[in-house]
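**Q** I'm passing along run30.txt; it holds compact mmCIF, N, CA and C atoms.
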# COMPACT_ATOMS: atom_id res chain seq x y z
N MET A 113 0.83 -1.19 0.00
CA MET A 113 0.00 0.00 0.00
C MET A 113 0.86 1.25 0.00
N PHE A 114 1.99 1.25 0.73
CA PHE A 114 2.75 2.47 0.88
C PHE A 114 3.32 2.96 -0.45
N PHE A 115 3.66 2.09 -1.34
CA PHE A 115 4.30 2.50 -2.58
C PHE A 115 3.31 2.67 -3.72
N SER A 116 2.16 3.18 -3.44
CA SER A 116 1.13 3.43 -4.42
C SER A 116 1.44 4.71 -5.18
N LYS A 117 1.01 4.77 -6.44
CA LYS A 117 1.16 6.00 -7.22
C LYS A 117 -0.06 6.90 -7.03
N ASP A 118 -1.02 6.45 -6.27
CA ASP A 118 -2.23 7.21 -6.00
C ASP A 118 -1.95 8.18 -4.84
N ARG A 119 -1.92 9.47 -5.14
CA ARG A 119 -1.59 10.48 -4.15
C ARG A 119 -2.53 10.42 -2.95
N HIS A 120 -3.80 10.22 -3.22
CA HIS A 120 -4.81 10.16 -2.15
C HIS A 120 -4.49 9.01 -1.19
N LYS A 121 -4.20 7.84 -1.74
CA LYS A 121 -3.90 6.67 -0.90
C LYS A 121 -2.61 6.88 -0.10
N MET A 122 -1.62 7.49 -0.75
CA MET A 122 -0.35 7.73 -0.06
C MET A 122 -0.55 8.67 1.13
N ARG A 123 -1.28 9.74 0.88
CA ARG A 123 -1.52 10.70 1.96
C ARG A 123 -2.37 10.08 3.06
N GLN A 124 -3.36 9.29 2.69
CA GLN A 124 -4.21 8.63 3.68
C GLN A 124 -3.38 7.71 4.57
N PHE A 125 -2.37 7.10 4.00
CA PHE A 125 -1.47 6.24 4.76
C PHE A 125 -0.79 7.04 5.88
N PHE A 126 -0.30 8.24 5.56
CA PHE A 126 0.30 9.10 6.57
C PHE A 126 -0.72 9.46 7.65
N PHE A 127 -1.92 9.85 7.24
CA PHE A 127 -2.97 10.21 8.20
C PHE A 127 -3.28 9.04 9.12
N ASP A 128 -3.47 7.86 8.52
CA ASP A 128 -3.82 6.67 9.31
C ASP A 128 -2.74 6.32 10.32
N ILE A 129 -1.50 6.39 9.90
CA ILE A 129 -0.40 6.06 10.82
C ILE A 129 -0.35 7.05 11.98
N TRP A 130 -0.50 8.34 11.67
CA TRP A 130 -0.45 9.34 12.73
C TRP A 130 -1.60 9.16 13.71
N GLN A 131 -2.78 8.87 13.20
CA GLN A 131 -3.92 8.62 14.09
C GLN A 131 -3.68 7.37 14.95
N LYS A 132 -3.19 6.33 14.32
CA LYS A 132 -2.91 5.08 15.04
C LYS A 132 -1.84 5.33 16.12
N HIS A 133 -0.83 6.07 15.77
CA HIS A 133 0.23 6.41 16.73
C HIS A 133 -0.36 7.18 17.92
N ASN A 134 -1.18 8.18 17.63
CA ASN A 134 -1.75 9.02 18.68
C ASN A 134 -2.72 8.26 19.58
N ARG A 135 -3.45 7.31 19.01
CA ARG A 135 -4.35 6.49 19.83
C ARG A 135 -3.56 5.61 20.79
N GLY A 136 -2.46 5.07 20.30
CA GLY A 136 -1.61 4.22 21.13
C GLY A 136 -2.24 2.92 21.56
N SER A 137 -3.36 2.56 20.96
CA SER A 137 -4.08 1.37 21.39
C SER A 137 -3.68 0.10 20.64
N GLU A 138 -2.89 0.25 19.60
CA GLU A 138 -2.45 -0.93 18.85
C GLU A 138 -1.01 -0.73 18.39
N PRO A 139 -0.26 -1.81 18.29
CA PRO A 139 1.14 -1.69 17.90
C PRO A 139 1.28 -1.25 16.44
N LEU A 140 2.35 -0.53 16.17
CA LEU A 140 2.66 -0.10 14.81
C LEU A 140 3.55 -1.12 14.12
N GLU A 141 3.30 -1.33 12.84
CA GLU A 141 4.18 -2.17 12.02
C GLU A 141 5.52 -1.45 11.88
N PRO A 142 6.60 -2.16 11.52
CA PRO A 142 7.92 -1.50 11.41
C PRO A 142 7.93 -0.26 10.51
N ILE A 143 7.32 -0.31 9.33
CA ILE A 143 7.31 0.87 8.45
C ILE A 143 6.47 1.98 9.08
N GLU A 144 5.43 1.61 9.80
CA GLU A 144 4.61 2.60 10.48
C GLU A 144 5.40 3.28 11.60
N GLN A 145 6.26 2.53 12.28
CA GLN A 145 7.10 3.09 13.33
C GLN A 145 8.06 4.13 12.74
N ILE A 146 8.63 3.81 11.59
CA ILE A 146 9.54 4.74 10.92
C ILE A 146 8.80 6.03 10.56
N ILE A 147 7.64 5.87 9.96
CA ILE A 147 6.87 7.04 9.52
C ILE A 147 6.39 7.86 10.72
N ALA A 148 5.92 7.20 11.77
CA ALA A 148 5.50 7.93 12.97
C ALA A 148 6.67 8.70 13.57
N GLY A 149 7.85 8.10 13.54
CA GLY A 149 9.05 8.78 14.04
C GLY A 149 9.38 10.01 13.22
N ILE A 150 9.25 9.91 11.92
CA ILE A 150 9.50 11.06 11.04
C ILE A 150 8.47 12.16 11.31
N ILE A 151 7.22 11.77 11.45
CA ILE A 151 6.18 12.76 11.75
C ILE A 151 6.46 13.44 13.09
N GLN A 152 6.89 12.68 14.08
CA GLN A 152 7.20 13.26 15.39
C GLN A 152 8.29 14.32 15.27
N GLN A 153 9.22 14.12 14.36
CA GLN A 153 10.31 15.07 14.17
C GLN A 153 9.87 16.33 13.42
N HIS A 154 8.63 16.35 12.96
CA HIS A 154 8.10 17.49 12.21
C HIS A 154 6.82 18.01 12.85
N PRO A 155 6.95 18.66 14.00
CA PRO A 155 5.74 19.18 14.66
C PRO A 155 4.98 20.20 13.81
N GLU A 156 5.67 20.81 12.86
CA GLU A 156 4.99 21.76 11.97
C GLU A 156 3.95 21.09 11.08
N TYR A 157 3.98 19.75 10.98
CA TYR A 157 3.01 19.02 10.17
C TYR A 157 1.88 18.40 11.00
N HIS A 158 1.96 18.47 12.31
CA HIS A 158 0.98 17.79 13.16
C HIS A 158 -0.44 18.30 12.94
N ALA A 159 -0.61 19.60 12.85
CA ALA A 159 -1.96 20.16 12.63
C ALA A 159 -2.49 19.74 11.26
N LEU A 160 -1.62 19.74 10.28
CA LEU A 160 -1.99 19.33 8.93
C LEU A 160 -2.48 17.87 8.93
N LEU A 161 -1.76 17.01 9.64
CA LEU A 161 -2.12 15.59 9.68
C LEU A 161 -3.36 15.33 10.54
N ALA A 162 -3.72 16.29 11.36
CA ALA A 162 -4.91 16.15 12.20
C ALA A 162 -6.18 16.53 11.45
N ASP A 163 -6.04 17.10 10.25
CA ASP A 163 -7.19 17.56 9.47
C ASP A 163 -7.10 17.04 8.03
N PRO A 164 -7.23 15.73 7.85
CA PRO A 164 -7.06 15.14 6.52
C PRO A 164 -7.94 15.77 5.43
N ASP A 165 -9.18 16.07 5.75
CA ASP A 165 -10.09 16.61 4.73
C ASP A 165 -9.59 17.92 4.15
N ALA A 166 -8.86 18.69 4.92
CA ALA A 166 -8.38 20.00 4.46
C ALA A 166 -7.20 19.89 3.51
N VAL A 167 -6.47 18.77 3.55
CA VAL A 167 -5.23 18.71 2.76
C VAL A 167 -5.07 17.47 1.88
N ILE A 168 -5.98 16.52 1.97
CA ILE A 168 -5.75 15.27 1.24
C ILE A 168 -5.64 15.48 -0.26
N ASP A 169 -6.35 16.45 -0.79
CA ASP A 169 -6.29 16.72 -2.23
C ASP A 169 -5.60 18.03 -2.56
N ARG A 170 -5.01 18.65 -1.59
CA ARG A 170 -4.37 19.96 -1.79
C ARG A 170 -3.06 19.84 -2.54
N ASP A 171 -2.82 20.78 -3.44
CA ASP A 171 -1.54 20.86 -4.13
C ASP A 171 -0.60 21.75 -3.32
N PHE A 172 0.62 21.32 -3.19
CA PHE A 172 1.66 22.10 -2.53
C PHE A 172 2.69 22.41 -3.61
N THR A 173 2.79 23.66 -3.99
CA THR A 173 3.69 24.01 -5.09
C THR A 173 4.68 25.08 -4.67
N PRO A 174 5.91 24.98 -5.17
CA PRO A 174 6.90 26.01 -4.87
C PRO A 174 6.46 27.38 -5.37
N GLU A 175 5.71 27.39 -6.48
CA GLU A 175 5.23 28.66 -7.03
C GLU A 175 4.33 29.39 -6.04
N MET A 176 3.69 28.63 -5.18
CA MET A 176 2.80 29.21 -4.18
C MET A 176 3.54 29.40 -2.84
N GLY A 177 4.85 29.20 -2.87
CA GLY A 177 5.65 29.37 -1.67
C GLY A 177 5.48 28.26 -0.65
N GLN A 178 5.10 27.09 -1.13
CA GLN A 178 4.84 25.97 -0.22
C GLN A 178 5.73 24.79 -0.56
N SER A 179 6.21 24.14 0.47
CA SER A 179 6.87 22.86 0.23
C SER A 179 5.83 21.78 0.52
N ASN A 180 6.00 20.66 -0.12
CA ASN A 180 5.06 19.57 0.03
C ASN A 180 5.45 18.73 1.26
N PRO A 181 4.67 18.77 2.32
CA PRO A 181 5.05 18.03 3.52
C PRO A 181 5.07 16.52 3.30
N PHE A 182 4.24 16.02 2.43
CA PHE A 182 4.21 14.58 2.16
C PHE A 182 5.46 14.15 1.40
N LEU A 183 5.88 14.97 0.45
CA LEU A 183 7.12 14.69 -0.28
C LEU A 183 8.30 14.76 0.67
N HIS A 184 8.29 15.75 1.52
CA HIS A 184 9.39 15.91 2.49
C HIS A 184 9.52 14.66 3.37
N MET A 185 8.39 14.22 3.92
CA MET A 185 8.43 13.03 4.77
C MET A 185 8.82 11.79 3.97
N ALA A 186 8.35 11.70 2.74
CA ALA A 186 8.70 10.55 1.89
C ALA A 186 10.20 10.52 1.60
N MET A 187 10.80 11.69 1.48
CA MET A 187 12.25 11.73 1.25
C MET A 187 13.01 11.26 2.48
N HIS A 188 12.50 11.59 3.66
CA HIS A 188 13.12 11.03 4.88
C HIS A 188 13.03 9.51 4.86
N ILE A 189 11.88 9.00 4.49
CA ILE A 189 11.70 7.54 4.43
C ILE A 189 12.69 6.94 3.43
N ALA A 190 12.80 7.56 2.26
CA ALA A 190 13.71 7.04 1.23
C ALA A 190 15.15 7.01 1.73
N ILE A 191 15.58 8.07 2.38
CA ILE A 191 16.96 8.11 2.87
C ILE A 191 17.18 7.06 3.95
N GLN A 192 16.22 6.90 4.85
CA GLN A 192 16.37 5.87 5.89
C GLN A 192 16.40 4.47 5.28
N GLU A 193 15.59 4.24 4.26
CA GLU A 193 15.61 2.94 3.56
C GLU A 193 16.94 2.73 2.85
N GLN A 194 17.47 3.78 2.23
CA GLN A 194 18.76 3.66 1.55
C GLN A 194 19.86 3.32 2.53
N LEU A 195 19.82 3.93 3.69
CA LEU A 195 20.83 3.64 4.72
C LEU A 195 20.69 2.21 5.23
N ALA A 196 19.45 1.77 5.42
CA ALA A 196 19.20 0.42 5.93
C ALA A 196 19.64 -0.66 4.93
N THR A 197 19.48 -0.37 3.65
CA THR A 197 19.83 -1.35 2.61
C THR A 197 21.22 -1.12 2.04
N GLN A 198 21.87 -0.03 2.49
CA GLN A 198 23.20 0.34 2.02
C GLN A 198 23.26 0.48 0.50
N ARG A 199 22.20 1.14 -0.01
CA ARG A 199 22.14 1.37 -1.46
C ARG A 199 21.74 2.80 -1.71
N PRO A 200 22.51 3.51 -2.47
CA PRO A 200 23.65 3.05 -3.24
C PRO A 200 24.85 2.75 -2.33
N LYS A 201 25.69 1.87 -2.82
CA LYS A 201 26.87 1.50 -2.06
C LYS A 201 27.70 2.77 -1.82
N GLY A 202 28.03 2.99 -0.57
CA GLY A 202 28.79 4.17 -0.20
C GLY A 202 27.97 5.20 0.56
N ILE A 203 26.65 5.06 0.55
CA ILE A 203 25.80 6.04 1.21
C ILE A 203 26.00 6.05 2.72
N VAL A 204 26.24 4.90 3.31
CA VAL A 204 26.43 4.83 4.76
C VAL A 204 27.70 5.58 5.16
N ALA A 205 28.75 5.44 4.37
CA ALA A 205 30.01 6.14 4.66
C ALA A 205 29.81 7.65 4.59
N VAL A 206 29.07 8.11 3.60
CA VAL A 206 28.79 9.54 3.49
C VAL A 206 27.98 9.99 4.70
N HIS A 207 26.97 9.23 5.04
CA HIS A 207 26.12 9.57 6.19
C HIS A 207 26.95 9.64 7.47
N GLN A 208 27.82 8.67 7.67
CA GLN A 208 28.67 8.65 8.86
C GLN A 208 29.62 9.85 8.88
N SER A 209 30.14 10.22 7.72
CA SER A 209 31.02 11.40 7.64
C SER A 209 30.26 12.66 8.02
N LEU A 210 29.05 12.79 7.53
CA LEU A 210 28.25 13.96 7.86
C LEU A 210 27.88 13.99 9.34
N LEU A 211 27.60 12.83 9.90
CA LEU A 211 27.31 12.75 11.34
C LEU A 211 28.56 13.05 12.17
N GLY A 212 29.72 12.67 11.63
CA GLY A 212 30.99 12.87 12.32
C GLY A 212 31.31 14.32 12.57
N ASN A 213 30.68 15.20 11.86
CA ASN A 213 30.90 16.63 12.07
C ASN A 213 30.06 17.16 13.22
N GLY A 214 29.46 16.26 13.99
CA GLY A 214 28.65 16.66 15.13
C GLY A 214 27.23 17.06 14.76
N ASN A 215 26.81 16.69 13.57
CA ASN A 215 25.47 17.05 13.10
C ASN A 215 24.41 16.10 13.64
N ASP A 216 23.24 16.65 13.80
CA ASP A 216 22.07 15.89 14.21
C ASP A 216 21.64 14.98 13.04
N PRO A 217 21.28 13.71 13.30
CA PRO A 217 20.87 12.81 12.22
C PRO A 217 19.72 13.36 11.37
N HIS A 218 18.77 14.02 12.00
CA HIS A 218 17.65 14.59 11.25
C HIS A 218 18.14 15.70 10.32
N ALA A 219 19.02 16.54 10.82
CA ALA A 219 19.58 17.62 10.00
C ALA A 219 20.40 17.06 8.85
N VAL A 220 21.10 15.97 9.10
CA VAL A 220 21.89 15.33 8.03
C VAL A 220 20.96 14.82 6.93
N GLU A 221 19.84 14.23 7.31
CA GLU A 221 18.88 13.78 6.29
C GLU A 221 18.39 14.97 5.46
N HIS A 222 18.19 16.11 6.11
CA HIS A 222 17.76 17.30 5.38
C HIS A 222 18.83 17.70 4.36
N GLN A 223 20.09 17.61 4.73
CA GLN A 223 21.17 17.91 3.79
C GLN A 223 21.14 16.94 2.61
N MET A 224 20.89 15.68 2.91
CA MET A 224 20.92 14.63 1.88
C MET A 224 19.74 14.74 0.91
N MET A 225 18.71 15.46 1.31
CA MET A 225 17.53 15.59 0.46
C MET A 225 17.82 16.36 -0.82
N GLU A 226 18.73 17.30 -0.77
CA GLU A 226 19.01 18.10 -1.97
C GLU A 226 19.53 17.22 -3.11
N PRO A 227 20.58 16.43 -2.89
CA PRO A 227 21.02 15.55 -3.98
C PRO A 227 19.98 14.49 -4.35
N LEU A 228 19.22 14.00 -3.37
CA LEU A 228 18.17 13.03 -3.67
C LEU A 228 17.12 13.65 -4.57
N GLY A 229 16.68 14.83 -4.22
CA GLY A 229 15.69 15.52 -5.05
C GLY A 229 16.19 15.80 -6.45
N GLU A 230 17.45 16.19 -6.55
CA GLU A 230 18.05 16.45 -7.86
C GLU A 230 18.08 15.17 -8.70
N MET A 231 18.47 14.05 -8.09
CA MET A 231 18.52 12.79 -8.81
C MET A 231 17.13 12.40 -9.31
N LEU A 232 16.15 12.54 -8.45
CA LEU A 232 14.78 12.16 -8.83
C LEU A 232 14.23 13.06 -9.93
N MET A 233 14.53 14.35 -9.83
CA MET A 233 14.06 15.29 -10.83
C MET A 233 14.70 15.00 -12.20
N GLN A 234 15.99 14.71 -12.20
CA GLN A 234 16.68 14.38 -13.46
C GLN A 234 16.12 13.09 -14.07
N ALA A 235 15.88 12.10 -13.25
CA ALA A 235 15.32 10.84 -13.75
C ALA A 235 13.94 11.07 -14.35
N GLN A 236 13.16 11.90 -13.71
CA GLN A 236 11.81 12.18 -14.21
C GLN A 236 11.88 12.95 -15.53
N ARG A 237 12.75 13.94 -15.60
CA ARG A 237 12.91 14.72 -16.83
C ARG A 237 13.35 13.86 -18.01
N ARG A 238 14.28 12.97 -17.72
CA ARG A 238 14.85 12.12 -18.77
C ARG A 238 14.07 10.84 -19.01
N ASN A 239 13.10 10.59 -18.13
CA ASN A 239 12.33 9.35 -18.20
C ASN A 239 13.25 8.13 -18.14
N THR A 240 14.17 8.18 -17.16
CA THR A 240 15.14 7.12 -16.96
C THR A 240 15.13 6.69 -15.50
N ALA A 241 15.84 5.63 -15.23
CA ALA A 241 16.01 5.20 -13.83
C ALA A 241 16.90 6.22 -13.12
N PRO A 242 16.72 6.38 -11.83
CA PRO A 242 17.59 7.29 -11.08
C PRO A 242 19.06 6.89 -11.21
N ASP A 243 19.93 7.89 -11.35
CA ASP A 243 21.36 7.68 -11.52
C ASP A 243 22.03 7.67 -10.15
N GLU A 244 22.25 6.47 -9.61
CA GLU A 244 22.81 6.34 -8.27
C GLU A 244 24.23 6.89 -8.18
N LYS A 245 25.00 6.75 -9.25
CA LYS A 245 26.39 7.26 -9.22
C LYS A 245 26.39 8.78 -9.11
N ARG A 246 25.53 9.44 -9.86
CA ARG A 246 25.44 10.90 -9.80
C ARG A 246 24.94 11.33 -8.41
N TYR A 247 24.00 10.59 -7.90
CA TYR A 247 23.45 10.87 -6.56
C TYR A 247 24.55 10.77 -5.51
N LEU A 248 25.33 9.70 -5.55
CA LEU A 248 26.40 9.51 -4.60
C LEU A 248 27.46 10.61 -4.74
N LYS A 249 27.71 11.02 -5.94
CA LYS A 249 28.65 12.13 -6.18
C LYS A 249 28.13 13.40 -5.51
N GLY A 250 26.83 13.67 -5.66
CA GLY A 250 26.22 14.82 -5.02
C GLY A 250 26.28 14.72 -3.50
N LEU A 251 26.09 13.53 -2.98
CA LEU A 251 26.17 13.33 -1.53
C LEU A 251 27.60 13.56 -1.03
N ARG A 252 28.58 13.09 -1.78
CA ARG A 252 29.97 13.26 -1.37
C ARG A 252 30.39 14.73 -1.35
N LYS A 253 29.76 15.53 -2.18
CA LYS A 253 30.04 16.97 -2.18
C LYS A 253 29.63 17.59 -0.84
N LEU A 254 28.60 17.02 -0.23
CA LEU A 254 28.17 17.53 1.08
C LEU A 254 29.25 17.38 2.13
N VAL A 255 30.01 16.31 2.05
CA VAL A 255 31.08 16.04 3.02
C VAL A 255 32.19 17.05 2.86
N LYS A 256 32.44 17.47 1.63
CA LYS A 256 33.54 18.40 1.34
C LYS A 256 33.23 19.84 1.71
N ARG A 257 31.98 20.16 2.00
CA ARG A 257 31.61 21.54 2.36
C ARG A 257 32.24 21.97 3.64
The structure in this file should be written as structure tokens.
**A**
Amino acid sequence: MFFSKDRHKMRQFFFDIWQKHNRGSEPLEPIEQIIAGIIQQHPEYHALLADPDAVIDRDFTPEMGQSNPFLHMAMHIAIQEQLATQRPKGIVAVHQSLLGNGNDPHAVEHQMMEPLGEMLMQAQRRNTAPDEKRYLKGLRKLVKR
């Protein structure tokens, strides 16, 4: 269900997990625990997730000065999955280097989102698979800053 291309279903998944987390009456599945943890780290999204009807079909566009909170959280999920699976090869070393500078893990993920977003945008523009080598190169540039 989580990897649906249906925006409504994807967003509903976030709403359902947050409600389930807040009720505390039933255990969360492992992916739900990850997502609930990401939501907890973003208190600025809590009110939004408490009112699904107001945002389930809403467009969040940079032209309107808005970032998409669902995309943002999905990028956190993607980075955590990449670290867990060690793909692309070398991502864990980059992550550890960024953490080694005394950075907060959440802040490091925010740094990593820029190259991830660039890779995804290029793949979409070119209608190709994401270029992991280019992505890793972009991530390594973060270490050199």
**Q** In Å, with one decimal, what is the gap from atom N of Pro227 (chain A) to atom N of Gln153 (chain A)?
**A** 20.8 Å
**Q** Just the number, please: distance in Å from CA of Ala159 (chain A) to CA of Glu175 (chain A), one decimal.
**A**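 Between CA of Ala159 (chain A) and CA of Glu175 (chain A) the gap is 22.6 Å.
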**Q** Would you list the residues near (15.4, 4.3, 2.4) (no more than 12 Å away, in the coordinates of the file, using only C-alpha atoms) as a CSV table (one decimal) with N, CA and C atoms, in the frame of the given file?
**A**
chain,number,residue,atom,x,y,z
A,143,ILE,N,7.3,-0.3,9.3
A,143,ILE,CA,7.3,0.9,8.4
A,143,ILE,C,6.5,2.0,9.1
A,146,ILE,N,8.6,3.8,11.6
A,146,ILE,CA,9.5,4.7,10.9
A,146,ILE,C,8.8,6.0,10.6
A,147,ILE,N,7.6,5.9,10.0
A,147,ILE,CA,6.9,7.0,9.5
A,147,ILE,C,6.4,7.9,10.7
A,185,MET,N,8.4,14.2,3.9
A,185,MET,CA,8.4,13.0,4.8
A,185,MET,C,8.8,11.8,4.0
A,186,ALA,N,8.4,11.7,2.7
A,186,ALA,CA,8.7,10.6,1.9
A,186,ALA,C,10.2,10.5,1.6
A,187,MET,N,10.8,11.7,1.5
A,187,MET,CA,12.2,11.7,1.2
A,187,MET,C,13.0,11.3,2.5
A,188,HIS,N,12.5,11.6,3.7
A,188,HIS,CA,13.1,11.0,4.9
A,188,HIS,C,13.0,9.5,4.9
A,189,ILE,N,11.9,9.0,4.5
A,189,ILE,CA,11.7,7.5,4.4
A,189,ILE,C,12.7,6.9,3.4
A,190,ALA,N,12.8,7.6,2.3
A,190,ALA,CA,13.7,7.0,1.2
A,190,ALA,C,15.2,7.0,1.7
A,191,ILE,N,15.6,8.1,2.4
A,191,ILE,CA,17.0,8.1,2.9
A,191,ILE,C,17.2,7.1,4.0
A,192,GLN,N,16.2,6.9,4.8
A,192,GLN,CA,16.4,5.9,5.9
A,192,GLN,C,16.4,4.5,5.3
A,193,GLU,N,15.6,4.2,4.3
A,193,GLU,CA,15.6,2.9,3.6
A,193,GLU,C,16.9,2.7,2.8
A,194,GLN,N,17.5,3.8,2.2
A,194,GLN,CA,18.8,3.7,1.6
A,194,GLN,C,19.9,3.3,2.5
A,195,LEU,N,19.8,3.9,3.7
A,195,LEU,CA,20.8,3.6,4.7
A,195,LEU,C,20.7,2.2,5.2
A,196,ALA,N,19.4,1.8,5.4
A,196,ALA,CA,19.2,0.4,5.9
A,196,ALA,C,19.6,-0.7,4.9
A,197,THR,N,19.5,-0.4,3.6
A,197,THR,CA,19.8,-1.4,2.6
A,197,THR,C,21.2,-1.1,2.0
A,198,GLN,N,21.9,0.0,2.5
A,198,GLN,CA,23.2,0.3,2.0
A,198,GLN,C,23.3,0.5,0.5
A,199,ARG,N,22.2,1.1,0.0
A,199,ARG,CA,22.1,1.4,-1.5
A,199,ARG,C,21.7,2.8,-1.7
A,200,PRO,N,22.5,3.5,-2.5
A,200,PRO,CA,23.6,3.0,-3.2
A,200,PRO,C,24.8,2.8,-2.3
A,203,ILE,N,26.6,5.1,0.6
A,203,ILE,CA,25.8,6.0,1.2
A,203,ILE,C,26.0,6.0,2.7
A,204,VAL,N,26.2,4.9,3.3
A,204,VAL,CA,26.4,4.8,4.8
A,204,VAL,C,27.7,5.6,5.2
A,221,GLU,N,19.8,14.2,7.3
A,221,GLU,CA,18.9,13.8,6.3
A,221,GLU,C,18.4,15.0,5.5
A,224,MET,N,20.9,15.7,2.9
A,224,MET,CA,20.9,14.6,1.9
A,224,MET,C,19.7,14.7,0.9
A,225,MET,N,18.7,15.5,1.3
A,225,MET,CA,17.5,15.6,0.5
A,225,MET,C,17.8,16.4,-0.8
A,228,LEU,N,19.2,14.0,-3.4
A,228,LEU,CA,18.2,13.0,-3.7
A,228,LEU,C,17.1,13.6,-4.6
**Q** Nearest residue to Gly149 (chain A) out of A:His218, A:Lys201, A:Arg135, A:His120, using only C-alpha atoms?
**A**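 Ranked by minimum distance to Gly149 (chain A), first place goes to A:His218.
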**Q** Write out as a VMD selection string all residues of chain A that backbone DSSP assigns to helix (DSSP H, G or I).
**A** chain A and resid 119 to 135 142 to 152 155 to 161 164 to 167 174 to 176 181 to 197 203 to 212 217 to 238 244 to 256
**Q** (-5.6, 9.4, 6.2) in this file's frame - what residues fall within 9 Å of it? Use only C-alpha atoms and give the answer as a PDB file with N, CA and C atoms, keeping the file's coordinate frame.
**A**
ATOM      1  N   HIS A 120      -3.800  10.220  -3.220  1.00  0.00           N
ATOM      2  CA  HIS A 120      -4.810  10.160  -2.150  1.00  0.00           C
ATOM      3  C   HIS A 120      -4.490   9.010  -1.190  1.00  0.00           C
ATOM      4  N   LYS A 121      -4.200   7.840  -1.740  1.00  0.00           N
ATOM      5  CA  LYS A 121      -3.900   6.670  -0.900  1.00  0.00           C
ATOM      6  C   LYS A 121      -2.610   6.880  -0.100  1.00  0.00           C
ATOM      7  N   MET A 122      -1.620   7.490  -0.750  1.00  0.00           N
ATOM      8  CA  MET A 122      -0.350   7.730  -0.060  1.00  0.00           C
ATOM      9  C   MET A 122      -0.550   8.670   1.130  1.00  0.00           C
ATOM     10  N   ARG A 123      -1.280   9.740   0.880  1.00  0.00           N
ATOM     11  CA  ARG A 123      -1.520  10.700   1.960  1.00  0.00           C
ATOM     12  C   ARG A 123      -2.370  10.080   3.060  1.00  0.00           C
ATOM     13  N   GLN A 124      -3.360   9.290   2.690  1.00  0.00           N
ATOM     14  CA  GLN A 124      -4.210   8.630   3.680  1.00  0.00           C
ATOM     15  C   GLN A 124      -3.380   7.710   4.570  1.00  0.00           C
ATOM     16  N   PHE A 125      -2.370   7.100   4.000  1.00  0.00           N
ATOM     17  CA  PHE A 125      -1.470   6.240   4.760  1.00  0.00           C
ATOM     18  C   PHE A 125      -0.790   7.040   5.880  1.00  0.00           C
ATOM     19  N   PHE A 126      -0.300   8.240   5.560  1.00  0.00           N
ATOM     20  CA  PHE A 126       0.300   9.100   6.570  1.00  0.00           C
ATOM     21  C   PHE A 126      -0.720   9.460   7.650  1.00  0.00           C
ATOM     22  N   PHE A 127      -1.920   9.850   7.240  1.00  0.00           N
ATOM     23  CA  PHE A 127      -2.970  10.210   8.200  1.00  0.00           C
ATOM     24  C   PHE A 127      -3.280   9.040   9.120  1.00  0.00           C
ATOM     25  N   ASP A 128      -3.470   7.860   8.520  1.00  0.00           N
ATOM     26  CA  ASP A 128      -3.820   6.670   9.310  1.00  0.00           C
ATOM     27  C   ASP A 128      -2.740   6.320  10.320  1.00  0.00           C
ATOM     28  N   ILE A 129      -1.500   6.390   9.900  1.00  0.00           N
ATOM     29  CA  ILE A 129      -0.400   6.060  10.820  1.00  0.00           C
ATOM     30  C   ILE A 129      -0.350   7.050  11.980  1.00  0.00           C
ATOM     31  N   TRP A 130      -0.500   8.340  11.670  1.00  0.00           N
ATOM     32  CA  TRP A 130      -0.450   9.340  12.730  1.00  0.00           C
ATOM     33  C   TRP A 130      -1.600   9.160  13.710  1.00  0.00           C
ATOM     34  N   GLN A 131      -2.780   8.870  13.200  1.00  0.00           N
ATOM     35  CA  GLN A 131      -3.920   8.620  14.090  1.00  0.00           C
ATOM     36  C   GLN A 131      -3.680   7.370  14.950  1.00  0.00           C
ATOM     37  N   LEU A 161      -1.760  17.010   9.640  1.00  0.00           N
ATOM     38  CA  LEU A 161      -2.120  15.590   9.680  1.00  0.00           C
ATOM     39  C   LEU A 161      -3.360  15.330  10.540  1.00  0.00           C
ATOM     40  N   ASP A 163      -6.040  17.100  10.250  1.00  0.00           N
ATOM     41  CA  ASP A 163      -7.190  17.560   9.470  1.00  0.00           C
ATOM     42  C   ASP A 163      -7.100  17.040   8.030  1.00  0.00           C
ATOM     43  N   PRO A 164      -7.230  15.730   7.850  1.00  0.00           N
ATOM     44  CA  PRO A 164      -7.060  15.140   6.520  1.00  0.00           C
ATOM     45  C   PRO A 164      -7.940  15.770   5.430  1.00  0.00           C
ATOM     46  N   ASP A 165      -9.180  16.070   5.750  1.00  0.00           N
ATOM     47  CA  ASP A 165     -10.090  16.610   4.730  1.00  0.00           C
ATOM     48  C   ASP A 165      -9.590  17.920   4.150  1.00  0.00           C
ATOM     49  N   ILE A 168      -5.980  16.520   1.970  1.00  0.00           N
ATOM     50  CA  ILE A 168      -5.750  15.270   1.240  1.00  0.00           C
ATOM     51  C   ILE A 168      -5.640  15.480  -0.260  1.00  0.00           C
TER      52      ILE A 168
END
